[in-house]
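S.K.: Take a look at this one; I'll ask things after.
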Number of protein chains: 4
Amino acid sequence: MHLRTPNPATLTPPDVVRAAYAELVVTDLARARAFYVDLLGFVVTLDAGSALYLRGYDELMHHNLILREGPAPAAARLAYRVRSAADLDLAEAFFAGLGARTARLPAGTTPGVGEAVRAEDPLGFTVEFFADADWAERLQQRYDLRRGAEPARLDHFNIVVSDVRAAYDYYTSLGFGLSETIEDDQTLYAAWMFRKQTVHDVAFTGGAGPRLHHLGFFAHESHHVLRTCDILGSLHEEGHIERGPGRHGVSNAFYVYLRDPDGHRLEIYTSDYYTGDPDHPVLRWDVSDPRRRDFYGHAVVPSWYAEATPVLDLDGNPRPATEQHQVLESAVGADGFRIR
Amino acid sequence: MHLRTPNPATLTPPDVVRAAYAELVVTDLARARAFYVDLLGFVVTLDAGSALYLRGYDELMHHNLILREGPAPAAARLAYRVRSAADLDLAEAFFAGLGARTARLPAGTTPGVGEAVRAEDPLGFTVEFFADADWAERLQQRYDLRRGAEPARLDHFNIVVSDVRAAYDYYTSLGFGLSETIEDDQTLYAAWMFRKQTVHDVAFTGGAGPRLHHLGFFAHESHHVLRTCDILGSLHEEGHIERGPGRHGVSNAFYVYLRDPDGHRLEIYTSDYYTGDPDHPVLRWDVSDPRRRDFYGHAVVPSWYAEATPVLDLDGNPRPATEQHQVLESAVGADGFRIR
Amino acid sequence: MHLRTPNPATLTPPDVVRAAYAELVVTDLARARAFYVDLLGFVVTLDAGSALYLRGYDELMHHNLILREGPAPAAARLAYRVRSAADLDLAEAFFAGLGARTARLPAGTTPGVGEAVRAEDPLGFTVEFFADADWAERLQQRYDLRRGAEPARLDHFNIVVSDVRAAYDYYTSLGFGLSETIEDDQTLYAAWMFRKQTVHDVAFTGGAGPRLHHLGFFAHESHHVLRTCDILGSLHEEGHIERGPGRHGVSNAFYVYLRDPDGHRLEIYTSDYYTGDPDHPVLRWDVSDPRRRDFYGHAVVPSWYAEATPVLDLDGNPRPATEQHQVLESAVGADGFRIR
Amino acid sequence: MHLRTPNPATLTPPDVVRAAYAELVVTDLARARAFYVDLLGFVVTLDAGSALYLRGYDELMHHNLILREGPAPAAARLAYRVRSAADLDLAEAFFAGLGARTARLPAGTTPGVGEAVRAEDPLGFTVEFFADADWAERLQQRYDLRRGAEPARLDHFNIVVSDVRAAYDYYTSLGFGLSETIEDDQTLYAAWMFRKQTVHDVAFTGGAGPRLHHLGFFAHESHHVLRTCDILGSLHEEGHIERGPGRHGVSNAFYVYLRDPDGHRLEIYTSDYYTGDPDHPVLRWDVSDPRRRDFYGHAVVPSWYAEATPVLDLDGNPRPATEQHQVLESAVGADGFRIR
């Protein structure tokens, strides 16, 4: 955290609408396509040869996920949609005010996406902000096409940060609201923050950061989560199922976590709740409540806390993950504590 | 429509957050309680003797529905939450600018609700705007308590208006976005408009207005809709099921319509979609597409178009319903047309 | 009913295991394939050029449904599996004892089916009995392949008969048990009879018979029924949805009725109950209970009572449908009676 | 195994219909009632003070489960229904022929159950056979009453035996069919056997036996399994959830395993398949396939293999559990093996 602390008195954040898309580097695009498209049912908006542009069935924007072939698995950037072109200027000024490296990219730099601002944010992630995007064909009512997990749209980014409190402060300065936390008297272990009216657009898991913990995709009903698992089992690809199906205490959502062929983690996620009212009350979970991570009380598998995806800087180079500055939830929280 | 047309250049609308609650007059409160609470599972926040204050299991506000005992079935008012106290002044000025009768009510006039502005809107409905409300106990994760339809929260008001175009214009001036329509080259037959990031907070059905067509309550999954019907059949109360279960073309939601013991209509509604992006594209249904009202092509029962709840003015007196000014969808749309 | 009444003292029925398959004549096999295979997801065991052999995903027998191209829509035969080869002799003697025309067919006459006995039964239907069948590949856990309605297996035949009491007597003599009826003091309007441990293998609807009312296919959960409807709506093929989705009073099953491109009726059916205990108690529905046919109280569409598939005799010629000998349920039962 | 080997040439087994009920000894009946009735929703047929007689919502027999208060947790007996009174004589002769202790009990010894034969079977379990039982009120279509897991009926017994092959041989001699196994070239680790037309009425898990591994109760849809877990989490009773929700490879059923307040294990189980055809083909799982026990590849928690309920002899005294005679699946099967 060598960056200057944002000064809310002088920095006006852009009006962020929602988590919009992420770009993942995969080492074998054909293998990734087989996983995301053939098994999980993502919709291909564009196949650009060395990259695939994918979306969910409800998504009206060009894409929610870019898979780009590259030498090593990484998360190239996390992109947020902002309300208007004026917000691009605000975004640029905001990150410049933080002393962050930024870049302004003309429309079309990313297919389907208008002019954009990118920055290396104070947490070490490359983030992008854009206002305009091409609309995609409305497939929401094409039940005949739906397959796999029937992903509807990107829901959220979950990122590993070495200092959850700093992440909370930074995203607060960006105008995000807080829905839930895991904490104790001393420490904020995890937090869920939102711009759209759901539990989150971004959440923070404490650990060696910056790394991407997972991308969360919304599905409409819990049987879609089960179906995802059933398909993977059918093909003896059950090793891709890392955790779940289960319900989260945090967010109340029903979930499963998958690992793609490069180890990138996805969540298929359904049934969280509306957070759009002013001063939406925060739900605070004690780190000792085993239900916070799994409402059914099961232990979280160690890999879920330990493993995550490296991130790239603005130039596309890997960023080192810094040792955590805080006590980790996985060391404190009595995951899987049984009442008997 | 003897009211002045709003002039967007001079009138600033309040920042409406969402459809928040409605007050229905029922003729037998015990009978209404048996239906809403015992059968459908609504949560009782407050039993005030002559009125019940109910909410869904996800709802963090004091109530979504007031059932007040009175001499004849009616909808007393439709209440929207606004963002801040300043929006109350905007609301008052907005309706005064329209030449509408308004009233300012101190906090607590309605239990659990802060200071409010009420107005007789240009469509003939008594609407209320409030910013503050008491928080209710969080019951979202009390699956042990859930019963019946497991209503989560109020989703929308559907109102009968004699001029759908005028209703669209008025709600546009109030800052609502448009998600879907039923139309043909000449006529706007129905429209769905939103503030929160769902398909609608309010929708218009053409007919003799002002009347309340239905209150829509959100449930999380389609099996909750089926369960609602199963319970009513179990108790030989299947006569309360007016239409459905089925899927709407408009909104894509899975639904059932119920009639309460006074004939007030409810919808249990699930699986619509996110509308929060700027310039969300409108989905326009042709009035001749039988799927617009029922994605499975079934005819809409005549009562669904013909019957609705009278509304009360600011003084609590019934307002007469005016003959429609337009060709009705029910006369034009070939509902239930079969392709064979 | 010119046939001799069976004499239980002298005729031993074969040990029928279950309703196994039906052969339907369709007028355009490519069109039928598009409906059954592409839309509804039936598994193709064999494509024999002029006929398709289809099964559900759980089915371990060669087929549940044969679609054979022919000049006019018809049901060629209804086939029951019996326990052993000895039951073929019993079947032949049983029908001979009834004075019925019978035929003995060598193994392989129908692909995948062993030696068989066919008869023109006292109700006018061509029925087949076989003990041996080829096993099919086990696809039950190939969730990756499942599509459409995800039919699991054939569940039952529903046949239109001019005399429901006679049909009941005949199937009783064949060893079938009775699970449910629709009746009043004078008349047996409909009956559900079983060999396997479900509500039925065969049911009778009163009307001009012999005709096939529908084939019922089992699906595992109610969301599969909804998905079937969603797919048809998606493709603007909603005209194939004749009735439902809904729950039956009789059988308690959740259902939808479809009409194929030739007008043959299918039911996708789930969640009935175990009937295997000795002396399983009969559930008798009064013909005036609107829930008997639709637990949600909706009226049954007239086509559902009026229309059915002609049947063929042993030589493949159409059999005339005889006027009913009894008062019809559709004329008596107050379908869709509303309690308000 | 000091008992004589049954000689199929001389011993005719009774015609077993299905697994019917079990009697469990619980140490605190009020606490057990809170779990089974208040949380899980079992129907109380009879409260006899020191014992509760419970059933599922579909069950037409008097009970599926007896909870009797006693000094230590135990399984008193496992009861099978047989087809007729004559089968009681066959049962008595069958077990006498095996050299087993038997007892003949007059009707009403167990409330709701007719005359019965009990025996200490060759595996060390006290088993009961009865033909007649009182019918219970039909509650299948009382959706208004359903709560909790909505158990429909008892599905199966799973028992721990020290010699799975011997258990298989004994139940084969009793006329049970085999649906699935876990095995390798040397060893039969587990087997599923049936009389009714489902995957099993009884299954064997290798270990120190005789002990009761679990009672399986059928629910209609997977969301009932999830709801069970949600309710337990809601009340911070998640410690009762031992394993799941998940899908079995064996049986294909979706499941959750619960431990009651005395540690007795229950399974809520849905979506297995029809096994009624003659010569139903056996599905054999290799012990090294991680999907056999969990189709999603998760490791089985150690308690699930290690812990089970002691059983009582005919006099109500605990039977010692014998060390296993075979290699255990839990020691061999690479549970939770991950493909990455």
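Letters A, B, ... mark the chains of the structure tokens in the order given; residue numbers begin at 1 per chain; ligand numbers begin at 1, in order shown.
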Please identify all residues of chain C having at least one atom at most 10 Å from any atom of chain D, considering only C-alpha atoms, and return them as a ChimeraX atom specification.
M.R.: /C:17-18,20,58-61,81-84,131-132,135,138,140-141,152-153,196-198,219-223,249,251-252,270-281,283,295
S.K.: If you run DSSP on the backbone, which residues of region 202-326 of chain C are strand (DSSP E), as a VMD selection string?
M.R.: chain C and resid 202 to 206 211 to 218 241 to 247 254 to 259 265 to 270 283 to 286 309 to 310
S.K.: Find the spatial neighbours of Arg33 (chain D), counting only C-alpha atoms, within a cut-off of 12 Å - ignore same-chain residues fewer than 4 positions away - and output them as an NGL selection string.
M.R.: :D and (26-29 or 37-44 or 47 or 49-54 or 65-69 or 260-262)
S.K.: Do you have the CA of Asp121 (chain B)-CA of Thr187 (chain B) distance handy?
M.R.: 22.8 Å
S.K.: From region 46-208 of chain B, collect each residue whose DSSP state is alpha helix (DSSP H) and return the set as a short mmCIF file (atom, residue, chain, number, x, y, z; two decimals) with all heavy atoms, in the first residue's frame.
M.R.:
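Okay, part33.cif is ready:
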data_model
loop_
_atom_site.label_atom_id
_atom_site.label_comp_id
_atom_site.auth_asym_id
_atom_site.auth_seq_id
_atom_site.Cartn_x
_atom_site.Cartn_y
_atom_site.Cartn_z
N ALA B 85 -35.06 12.35 3.15
CA ALA B 85 -36.08 13.30 3.60
C ALA B 85 -36.29 14.42 2.58
O ALA B 85 -37.41 14.91 2.39
CB ALA B 85 -35.69 13.87 4.96
N ALA B 86 -35.22 14.81 1.92
CA ALA B 86 -35.35 15.89 0.93
C ALA B 86 -36.29 15.50 -0.20
O ALA B 86 -36.93 16.36 -0.82
CB ALA B 86 -33.97 16.22 0.36
N ASP B 87 -36.40 14.21 -0.45
CA ASP B 87 -37.29 13.76 -1.52
C ASP B 87 -38.76 13.95 -1.15
O ASP B 87 -39.62 13.96 -2.04
CB ASP B 87 -37.00 12.29 -1.85
CG ASP B 87 -35.65 12.13 -2.54
OD1 ASP B 87 -35.46 12.74 -3.60
OD2 ASP B 87 -34.79 11.43 -1.98
N LEU B 88 -39.04 14.08 0.14
CA LEU B 88 -40.43 14.36 0.53
C LEU B 88 -40.83 15.75 0.05
O LEU B 88 -41.95 15.95 -0.45
CB LEU B 88 -40.59 14.26 2.05
CG LEU B 88 -40.30 12.87 2.64
CD1 LEU B 88 -40.57 12.89 4.14
CD2 LEU B 88 -41.14 11.81 1.95
N ASP B 89 -39.92 16.71 0.20
CA ASP B 89 -40.22 18.06 -0.30
C ASP B 89 -40.37 18.03 -1.82
O ASP B 89 -41.27 18.66 -2.37
CB ASP B 89 -39.09 19.01 0.09
CG ASP B 89 -38.96 19.16 1.62
OD1 ASP B 89 -39.98 18.95 2.32
OD2 ASP B 89 -37.85 19.45 2.08
N LEU B 90 -39.50 17.28 -2.47
CA LEU B 90 -39.62 17.18 -3.93
C LEU B 90 -40.95 16.56 -4.33
O LEU B 90 -41.59 16.99 -5.29
CB LEU B 90 -38.47 16.35 -4.50
CG LEU B 90 -37.08 17.01 -4.48
CD1 LEU B 90 -36.02 16.02 -4.95
CD2 LEU B 90 -37.08 18.26 -5.38
N ALA B 91 -41.35 15.54 -3.60
CA ALA B 91 -42.62 14.87 -3.92
C ALA B 91 -43.78 15.85 -3.75
O ALA B 91 -44.68 15.93 -4.60
CB ALA B 91 -42.81 13.64 -3.02
N GLU B 92 -43.74 16.58 -2.65
CA GLU B 92 -44.85 17.52 -2.40
C GLU B 92 -44.91 18.58 -3.51
O GLU B 92 -45.98 18.88 -4.04
CB GLU B 92 -44.64 18.18 -1.03
CG GLU B 92 -45.89 18.82 -0.48
CD GLU B 92 -45.73 19.17 1.00
OE1 GLU B 92 -44.57 19.28 1.47
OE2 GLU B 92 -46.76 19.30 1.68
N ALA B 93 -43.76 19.10 -3.87
CA ALA B 93 -43.73 20.13 -4.92
C ALA B 93 -44.12 19.54 -6.28
O ALA B 93 -44.81 20.18 -7.07
CB ALA B 93 -42.32 20.74 -4.99
N PHE B 94 -43.69 18.32 -6.52
CA PHE B 94 -43.99 17.67 -7.79
C PHE B 94 -45.50 17.55 -7.98
O PHE B 94 -46.05 17.91 -9.03
CB PHE B 94 -43.32 16.30 -7.81
CG PHE B 94 -43.52 15.51 -9.07
CD1 PHE B 94 -42.67 15.68 -10.16
CD2 PHE B 94 -44.54 14.58 -9.17
CE1 PHE B 94 -42.85 14.93 -11.32
CE2 PHE B 94 -44.73 13.83 -10.34
CZ PHE B 94 -43.88 14.02 -11.41
N PHE B 95 -46.17 17.04 -6.96
CA PHE B 95 -47.61 16.84 -7.11
C PHE B 95 -48.38 18.15 -7.04
O PHE B 95 -49.39 18.33 -7.73
CB PHE B 95 -48.12 15.82 -6.09
CG PHE B 95 -47.74 14.42 -6.48
CD1 PHE B 95 -46.63 13.80 -5.93
CD2 PHE B 95 -48.45 13.75 -7.46
CE1 PHE B 95 -46.25 12.53 -6.33
CE2 PHE B 95 -48.08 12.48 -7.86
CZ PHE B 95 -46.97 11.86 -7.30
N ALA B 96 -47.87 19.07 -6.23
CA ALA B 96 -48.49 20.40 -6.23
C ALA B 96 -48.37 21.01 -7.62
O ALA B 96 -49.32 21.62 -8.14
CB ALA B 96 -47.83 21.29 -5.18
N GLY B 97 -47.21 20.82 -8.25
CA GLY B 97 -47.01 21.35 -9.60
C GLY B 97 -47.96 20.73 -10.61
O GLY B 97 -48.27 21.32 -11.64
N VAL B 164 -53.31 4.01 -20.87
CA VAL B 164 -51.99 3.47 -20.55
C VAL B 164 -50.90 4.44 -20.96
O VAL B 164 -49.90 4.62 -20.25
CB VAL B 164 -51.80 2.08 -21.22
CG1 VAL B 164 -50.36 1.61 -21.11
CG2 VAL B 164 -52.75 1.06 -20.59
N ARG B 165 -51.08 5.13 -22.06
CA ARG B 165 -50.08 6.08 -22.53
C ARG B 165 -49.90 7.21 -21.49
O ARG B 165 -48.78 7.61 -21.17
CB ARG B 165 -50.49 6.66 -23.90
CG ARG B 165 -49.64 7.81 -24.42
CD ARG B 165 -48.21 7.42 -24.76
NE ARG B 165 -48.16 6.40 -25.79
CZ ARG B 165 -47.03 5.86 -26.26
NH1 ARG B 165 -45.85 6.23 -25.77
NH2 ARG B 165 -47.06 4.93 -27.18
N ALA B 166 -51.03 7.70 -20.97
CA ALA B 166 -50.95 8.76 -19.97
C ALA B 166 -50.24 8.25 -18.71
O ALA B 166 -49.45 8.97 -18.08
CB ALA B 166 -52.35 9.26 -19.61
N ALA B 167 -50.50 7.02 -18.34
CA ALA B 167 -49.84 6.44 -17.17
C ALA B 167 -48.35 6.33 -17.42
O ALA B 167 -47.52 6.64 -16.54
CB ALA B 167 -50.45 5.06 -16.87
N TYR B 168 -48.00 5.89 -18.61
CA TYR B 168 -46.59 5.79 -18.97
C TYR B 168 -45.92 7.16 -18.89
O TYR B 168 -44.82 7.31 -18.33
CB TYR B 168 -46.45 5.19 -20.38
CG TYR B 168 -45.08 5.39 -20.96
CD1 TYR B 168 -44.00 4.64 -20.51
CD2 TYR B 168 -44.86 6.35 -21.95
CE1 TYR B 168 -42.73 4.84 -21.02
CE2 TYR B 168 -43.60 6.54 -22.47
CZ TYR B 168 -42.53 5.80 -22.01
OH TYR B 168 -41.27 6.00 -22.52
N ASP B 169 -46.58 8.18 -19.43
CA ASP B 169 -45.98 9.52 -19.42
C ASP B 169 -45.80 10.03 -17.99
O ASP B 169 -44.76 10.60 -17.65
CB ASP B 169 -46.86 10.50 -20.21
CG ASP B 169 -46.82 10.24 -21.71
OD1 ASP B 169 -45.86 9.57 -22.17
OD2 ASP B 169 -47.74 10.69 -22.41
N TYR B 170 -46.82 9.81 -17.19
CA TYR B 170 -46.74 10.29 -15.81
C TYR B 170 -45.62 9.60 -15.04
O TYR B 170 -44.79 10.25 -14.38
CB TYR B 170 -48.10 10.10 -15.13
CG TYR B 170 -48.06 9.98 -13.64
CD1 TYR B 170 -47.54 11.02 -12.84
CD2 TYR B 170 -48.52 8.83 -13.00
CE1 TYR B 170 -47.49 10.89 -11.45
CE2 TYR B 170 -48.47 8.70 -11.62
CZ TYR B 170 -47.95 9.73 -10.86
OH TYR B 170 -47.88 9.60 -9.50
N TYR B 171 -45.54 8.30 -15.14
CA TYR B 171 -44.49 7.59 -14.39
C TYR B 171 -43.10 7.86 -14.97
O TYR B 171 -42.10 7.83 -14.25
CB TYR B 171 -44.80 6.09 -14.30
CG TYR B 171 -45.57 5.75 -13.02
CD1 TYR B 171 -46.94 5.54 -13.04
CD2 TYR B 171 -44.91 5.66 -11.79
CE1 TYR B 171 -47.64 5.24 -11.87
CE2 TYR B 171 -45.60 5.36 -10.62
CZ TYR B 171 -46.96 5.15 -10.66
OH TYR B 171 -47.63 4.86 -9.49
N THR B 172 -43.05 8.14 -16.26
CA THR B 172 -41.77 8.56 -16.83
C THR B 172 -41.32 9.87 -16.19
O THR B 172 -40.15 10.05 -15.82
CB THR B 172 -41.90 8.71 -18.36
OG1 THR B 172 -42.23 7.45 -18.91
CG2 THR B 172 -40.59 9.22 -18.98
N SER B 173 -42.29 10.79 -16.01
CA SER B 173 -41.95 12.08 -15.39
C SER B 173 -41.51 11.89 -13.94
O SER B 173 -40.78 12.71 -13.39
CB SER B 173 -43.12 13.04 -15.48
OG SER B 173 -44.13 12.71 -14.53
#
S.K.: Calculate how many Å separate CA of Leu123 (chain C) from CA of His264 (chain C), rounding to one decimal.
M.R.: 19.5 Å
S.K.: Name the residues in contact with region 75-77 of chain C at a cut-off of 12 Å, using only C-alpha atoms, excluding same-chain residues fewer than 2 positions from it; report them as a ChimeraX atom specification.
M.R.: /C:19-26,64-70,72-73,79-80,110,117-121,124-129,157-159,210-215,262-265,308-319
S.K.: For CA of Leu78 (chain C) and CA of Ala203 (chain C), determine how far apart the two atoms are, in Å to one decimal place.
M.R.: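 Distance between the two atoms: 12.7 Å.
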S.K.: Residues at most 9 Å from Asp294 (chain B), counting only C-alpha atoms, excluding those fewer than 2 positions away in the same chain, as JSON, numbers by chain?
M.R.: {"B": [244, 246, 247, 248, 249, 250, 290, 291, 292, 296, 297, 298, 299, 300, 335, 336], "C": [233]}
